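Undergrad: One structure follows; several queries about it will come next.
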Amino acid sequence: MGVFDTIGTPEYQSVHFGVDHATGLRSIVAIHSTVLGPSLGGTRFFPYTTEEDALTDVLRLAKSMTYKAACAGLAQGGGKAVIIGDPTTDATDDLFKAYGRFVDGLAGQYITAEDVGTTVANMEVVATQTHHVSGLRRDHGGSGDPSPATARGVIAAQRAVANMLWGDPDLRGRKIAIKGVGKVGMSLAERLTGLGAELVVADVSERATDLAATRYGAKVVDVDEIHRTHCDIFAPCALGGDLNDRSIPELSCTAVAGSANNQLADVGAGDQLRSIGILYAPDYVVNAGGIINIAAEDGGYTTAKAAQMIDRIYDNLIEIMTTAERLGIGTHVAADHVAEDRIAAARTIGGNHDART
Ligand code: NAD
């Protein structure tokens, strides 16, 4: 299948390839939609095995950014970038400068930020070449690392799930299994501990699990075991695809609500969860805290304003779960409907902002 078939035009607005031989930059930016506003999404730095893997990932991630922003009620579209390489060895300042020039060439249709494998410090370097970057340091007028905001949103989602299932949003005494205690997962662990939840964690990094055990008294299990943990809520906070044919029959939780993007291996995985009675909180609704935090930069960022906006995830998710129950459909389908309705409505009235016009 050729590149244009993979992109599936007209589903994606455009895809851009950035190369800089001097620094080794190989990057792809996918712009899924700018109907609701300029496309916003982080830059993932990852050692993809093949270029096809990188393209598949950036396309999936860009689309979910469109749905995430739409569901969160933001005037933003969806886009994403990947840089192919190992962030521990290849992430030089010169490479990020070249990347900044590439992003600048897209003339504001795509606004970047940090994601897996990139940091606020990297974005500061990107900002030397382009204005189309967000999530910069607080003392540079930005909203800083979005991860704590994302974790705040996950808490709002887990409280909504608890209210839906047990009639009480309180997470005290609830057993929560976190897969991946990185930037978001660790912040989530801290917040859950403060709320009196019981934690089980797993991570490929022993340093991370040691920290979660020491700081938050979390029980540590193997990465291949975590999804089987008998718990109230399973929170995937590592990479995507954790909910699949193999893992779903082994789940022993009542609900899934975590930060990882693209948790469902495919739509069938959402249907499968519903059929076995596990409540799935759609990933892009749960993990919208980071993008909402960035949206709070508009008109001047304050933590209080951002927190208030992020906490609306609770109501958004209650609405989606209630609609799903009423219509007898999966929560993943109900969330898609909410996003698609908002995009269709914006298209009808000419869009809040459409970079194509
Ligand atoms: P991170 O890289 O800081 O953390 C990911 C953690 O997962 C790391 O500790 C890593 O060692 C661990 N991990 C990787 N593979 C694993 C595996 N197979 N099993 C167990 N652990 C594994 O990334 P992050 O910023 O915390 O993001 C986590 C997830 O949340 C990602 O899917 C990301 O796309 C999503 N997300 C993050 C944000 C944000 O604000 N950072 C916002 C929205 C969505």
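Each chain in the structure tokens gets a letter, A, B and so on, in the order shown; residues start at 1 in every chain, and ligands are counted from 1 in the order they appear.
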Using only C-alpha atoms and all ligand atoms, which protein or nucleic acid residues are at most 6 Å from ligand 1, as a ChimeraX atom specification?
TA: /A:115-117,146-147,150,179-185,202-205,223,237-240,259-261,287,290
Undergrad: Would you mind listing what lies within 6 Å of Ala113 in chain A as a list in words, with only C-alpha atoms counted and same-chain residues fewer than 5 positions away left out?
TA: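 Contacts, with the query itself left out: Gly42, Val133, Ser134 and Gly135 of chain A.
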Undergrad: What's the 10 Å shell around Asp20 in chain A, counting only C-alpha atoms, without same-chain residues fewer than 5 positions away, as a list in words?
TA: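 Non-adjacent residues within range: Leu25, Arg26, Ser27, Leu95, Ala98, Tyr99 and Phe102 of chain A.
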Undergrad: So which bits of range 54-299 of chain A end up helix (DSSP H, G or I) when you DSSP the backbone, as a PyMOL selection string?
TA: chain A and resi 54-71+87-90+93-104+120-126+138-140+147-166+183-194+206-216+226-228+248-250+267-275+283-286+289-295
Undergrad: By how many Å are CA of Ile292 in chain A and CA of Gly105 in chain A apart?
TA: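 CA of Gly105 in chain A lies 25.2 Å from CA of Ile292 in chain A.
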Undergrad: Taking 3 positions as the minimum chain separation for residues in the same chain, which residues sit within 12 Å of Gly299 in chain A when counting only C-alpha atoms? Answer as a PyMOL selection string.
TA: chain A and resi 141-143+294-296+302+305-306
Undergrad: Can I get the selection written as a PDB file, in the first residue's frame, with C-alpha atoms?
TA:
ATOM      1  CA  GLY A 141       5.182  32.479  29.766  1.00  0.00           C
ATOM      2  CA  GLY A 142       4.276  28.843  29.096  1.00  0.00           C
ATOM      3  CA  SER A 143       2.311  26.262  31.052  1.00  0.00           C
ATOM      4  CA  ILE A 294      -1.877  24.207  27.179  1.00  0.00           C
ATOM      5  CA  ALA A 295      -5.194  25.743  26.066  1.00  0.00           C
ATOM      6  CA  ALA A 296      -5.220  27.622  29.397  1.00  0.00           C
ATOM      7  CA  THR A 302      -2.684  30.516  35.858  1.00  0.00           C
ATOM      8  CA  LYS A 305      -7.677  28.605  35.783  1.00  0.00           C
ATOM      9  CA  ALA A 306      -6.108  25.465  34.298  1.00  0.00           C
TER      10      ALA A 306
END
Undergrad: Could you tell me, as an NGL selection string, which residues of range 242-288 of chain A DSSP assigns to strand (DSSP E) when given the backbone?
TA: :A and (253-256 or 279-280)
Undergrad: Between CA of Ala151 in chain A and CA of Ala212 in chain A, measure the distance and give it in Å to one decimal.
TA: 14.9 Å
Undergrad: Neighbours of range 268-270 of chain A within 10 Å (only C-alpha atoms; same-chain residues fewer than 4 positions away dropped), as number ranges by chain?
TA: A: 241-245, 247-248, 263-264, 274-275, 278-282, 330-333
Undergrad: Keeping only N, CA, C and O atoms, take the residues you just selected and write them out as a PDB file, in the first residue's frame.
TA:
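Now in again-v7.pdb:
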ATOM      1  N   GLY A 241      -2.019   0.480  22.957  1.00  0.00           N
ATOM      2  CA  GLY A 241      -2.293  -0.893  22.547  1.00  0.00           C
ATOM      3  C   GLY A 241      -2.378  -1.905  23.670  1.00  0.00           C
ATOM      4  O   GLY A 241      -2.392  -3.113  23.420  1.00  0.00           O
ATOM      5  N   ASP A 242      -2.454  -1.440  24.940  1.00  0.00           N
ATOM      6  CA  ASP A 242      -2.464  -2.385  26.061  1.00  0.00           C
ATOM      7  C   ASP A 242      -3.773  -3.157  26.185  1.00  0.00           C
ATOM      8  O   ASP A 242      -3.820  -4.166  26.894  1.00  0.00           O
ATOM      9  N   LEU A 243      -4.842  -2.674  25.538  1.00  0.00           N
ATOM     10  CA  LEU A 243      -6.128  -3.385  25.617  1.00  0.00           C
ATOM     11  C   LEU A 243      -6.333  -4.102  24.283  1.00  0.00           C
ATOM     12  O   LEU A 243      -6.674  -3.483  23.275  1.00  0.00           O
ATOM     13  N   ASN A 244      -6.050  -5.397  24.283  1.00  0.00           N
ATOM     14  CA  ASN A 244      -6.082  -6.163  23.034  1.00  0.00           C
ATOM     15  C   ASN A 244      -6.668  -7.556  23.272  1.00  0.00           C
ATOM     16  O   ASN A 244      -7.009  -7.904  24.411  1.00  0.00           O
ATOM     17  N   ASP A 245      -6.756  -8.330  22.198  1.00  0.00           N
ATOM     18  CA  ASP A 245      -7.331  -9.684  22.260  1.00  0.00           C
ATOM     19  C   ASP A 245      -6.728 -10.554  23.359  1.00  0.00           C
ATOM     20  O   ASP A 245      -7.400 -11.356  23.966  1.00  0.00           O
ATOM     21  N   SER A 247      -4.862  -9.406  26.140  1.00  0.00           N
ATOM     22  CA  SER A 247      -4.920  -8.883  27.515  1.00  0.00           C
ATOM     23  C   SER A 247      -6.349  -8.800  28.069  1.00  0.00           C
ATOM     24  O   SER A 247      -6.561  -9.030  29.261  1.00  0.00           O
ATOM     25  N   ILE A 248      -7.327  -8.482  27.214  1.00  0.00           N
ATOM     26  CA  ILE A 248      -8.684  -8.233  27.724  1.00  0.00           C
ATOM     27  C   ILE A 248      -9.278  -9.431  28.486  1.00  0.00           C
ATOM     28  O   ILE A 248      -9.782  -9.251  29.595  1.00  0.00           O
ATOM     29  N   GLN A 263      -5.199   3.317  23.792  1.00  0.00           N
ATOM     30  CA  GLN A 263      -5.154   2.094  24.611  1.00  0.00           C
ATOM     31  C   GLN A 263      -5.804   0.908  23.915  1.00  0.00           C
ATOM     32  O   GLN A 263      -5.380  -0.232  24.072  1.00  0.00           O
ATOM     33  N   LEU A 264      -6.864   1.181  23.148  1.00  0.00           N
ATOM     34  CA  LEU A 264      -7.566   0.093  22.454  1.00  0.00           C
ATOM     35  C   LEU A 264      -6.774  -0.297  21.210  1.00  0.00           C
ATOM     36  O   LEU A 264      -6.487   0.569  20.369  1.00  0.00           O
ATOM     37  N   ARG A 274     -16.811  -3.954  26.719  1.00  0.00           N
ATOM     38  CA  ARG A 274     -18.218  -3.743  27.069  1.00  0.00           C
ATOM     39  C   ARG A 274     -18.921  -5.089  27.269  1.00  0.00           C
ATOM     40  O   ARG A 274     -19.680  -5.260  28.218  1.00  0.00           O
ATOM     41  N   SER A 275     -18.608  -6.041  26.388  1.00  0.00           N
ATOM     42  CA  SER A 275     -19.307  -7.329  26.460  1.00  0.00           C
ATOM     43  C   SER A 275     -18.968  -8.104  27.738  1.00  0.00           C
ATOM     44  O   SER A 275     -19.756  -8.906  28.197  1.00  0.00           O
ATOM     45  N   ILE A 278     -16.679  -4.555  31.614  1.00  0.00           N
ATOM     46  CA  ILE A 278     -15.656  -3.655  32.165  1.00  0.00           C
ATOM     47  C   ILE A 278     -15.907  -2.261  31.620  1.00  0.00           C
ATOM     48  O   ILE A 278     -16.036  -2.070  30.404  1.00  0.00           O
ATOM     49  N   LEU A 279     -16.039  -1.297  32.536  1.00  0.00           N
ATOM     50  CA  LEU A 279     -16.312   0.082  32.109  1.00  0.00           C
ATOM     51  C   LEU A 279     -15.007   0.722  31.606  1.00  0.00           C
ATOM     52  O   LEU A 279     -14.042   0.842  32.355  1.00  0.00           O
ATOM     53  N   TYR A 280     -15.014   1.129  30.349  1.00  0.00           N
ATOM     54  CA  TYR A 280     -13.819   1.744  29.750  1.00  0.00           C
ATOM     55  C   TYR A 280     -14.015   3.253  29.656  1.00  0.00           C
ATOM     56  O   TYR A 280     -14.969   3.715  29.015  1.00  0.00           O
ATOM     57  N   ALA A 281     -13.137   3.992  30.319  1.00  0.00           N
ATOM     58  CA  ALA A 281     -13.165   5.451  30.209  1.00  0.00           C
ATOM     59  C   ALA A 281     -12.283   5.805  29.003  1.00  0.00           C
ATOM     60  O   ALA A 281     -11.068   5.564  29.042  1.00  0.00           O
ATOM     61  N   PRO A 282     -12.875   6.340  27.915  1.00  0.00           N
ATOM     62  CA  PRO A 282     -12.099   6.551  26.680  1.00  0.00           C
ATOM     63  C   PRO A 282     -10.826   7.367  26.926  1.00  0.00           C
ATOM     64  O   PRO A 282     -10.865   8.439  27.542  1.00  0.00           O
ATOM     65  N   GLY A 330     -21.025   1.294  23.387  1.00  0.00           N
ATOM     66  CA  GLY A 330     -19.787   1.371  24.154  1.00  0.00           C
ATOM     67  C   GLY A 330     -19.416   2.837  24.430  1.00  0.00           C
ATOM     68  O   GLY A 330     -19.772   3.727  23.648  1.00  0.00           O
ATOM     69  N   THR A 331     -18.692   3.055  25.519  1.00  0.00           N
ATOM     70  CA  THR A 331     -18.254   4.419  25.858  1.00  0.00           C
ATOM     71  C   THR A 331     -17.313   4.964  24.770  1.00  0.00           C
ATOM     72  O   THR A 331     -17.290   6.172  24.517  1.00  0.00           O
ATOM     73  N   HIS A 332     -16.535   4.055  24.143  1.00  0.00           N
ATOM     74  CA  HIS A 332     -15.609   4.499  23.091  1.00  0.00           C
ATOM     75  C   HIS A 332     -16.388   5.028  21.887  1.00  0.00           C
ATOM     76  O   HIS A 332     -15.964   5.974  21.235  1.00  0.00           O
ATOM     77  N   VAL A 333     -17.561   4.434  21.633  1.00  0.00           N
ATOM     78  CA  VAL A 333     -18.391   4.880  20.507  1.00  0.00           C
ATOM     79  C   VAL A 333     -19.095   6.196  20.887  1.00  0.00           C
ATOM     80  O   VAL A 333     -19.152   7.141  20.083  1.00  0.00           O
TER      81      VAL A 333
END
Undergrad: Write out as a PyMOL selection string which residues come within 9 Å of range 339-347 of chain A when counting only C-alpha atoms, dropping same-chain ones fewer than 6 positions away.
TA: chain A and resi 35-36+66-73+353
Undergrad: From the options A:His337, A:Arg191, A:Arg207, A:Arg246, which residue's atoms come nearest to Asp224 in chain A, counting only C-alpha atoms?
TA: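 Going through A:His337, A:Arg191, A:Arg207, A:Arg246 one by one, the smallest distance to Asp224 in chain A is for A:Arg246.
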Undergrad: Between CA of Ser39 in chain A and CA of Lys80 in chain A, what is the spacing in Å?
TA: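 CA of Lys80 in chain A sits 8.0 Å away from CA of Ser39 in chain A.
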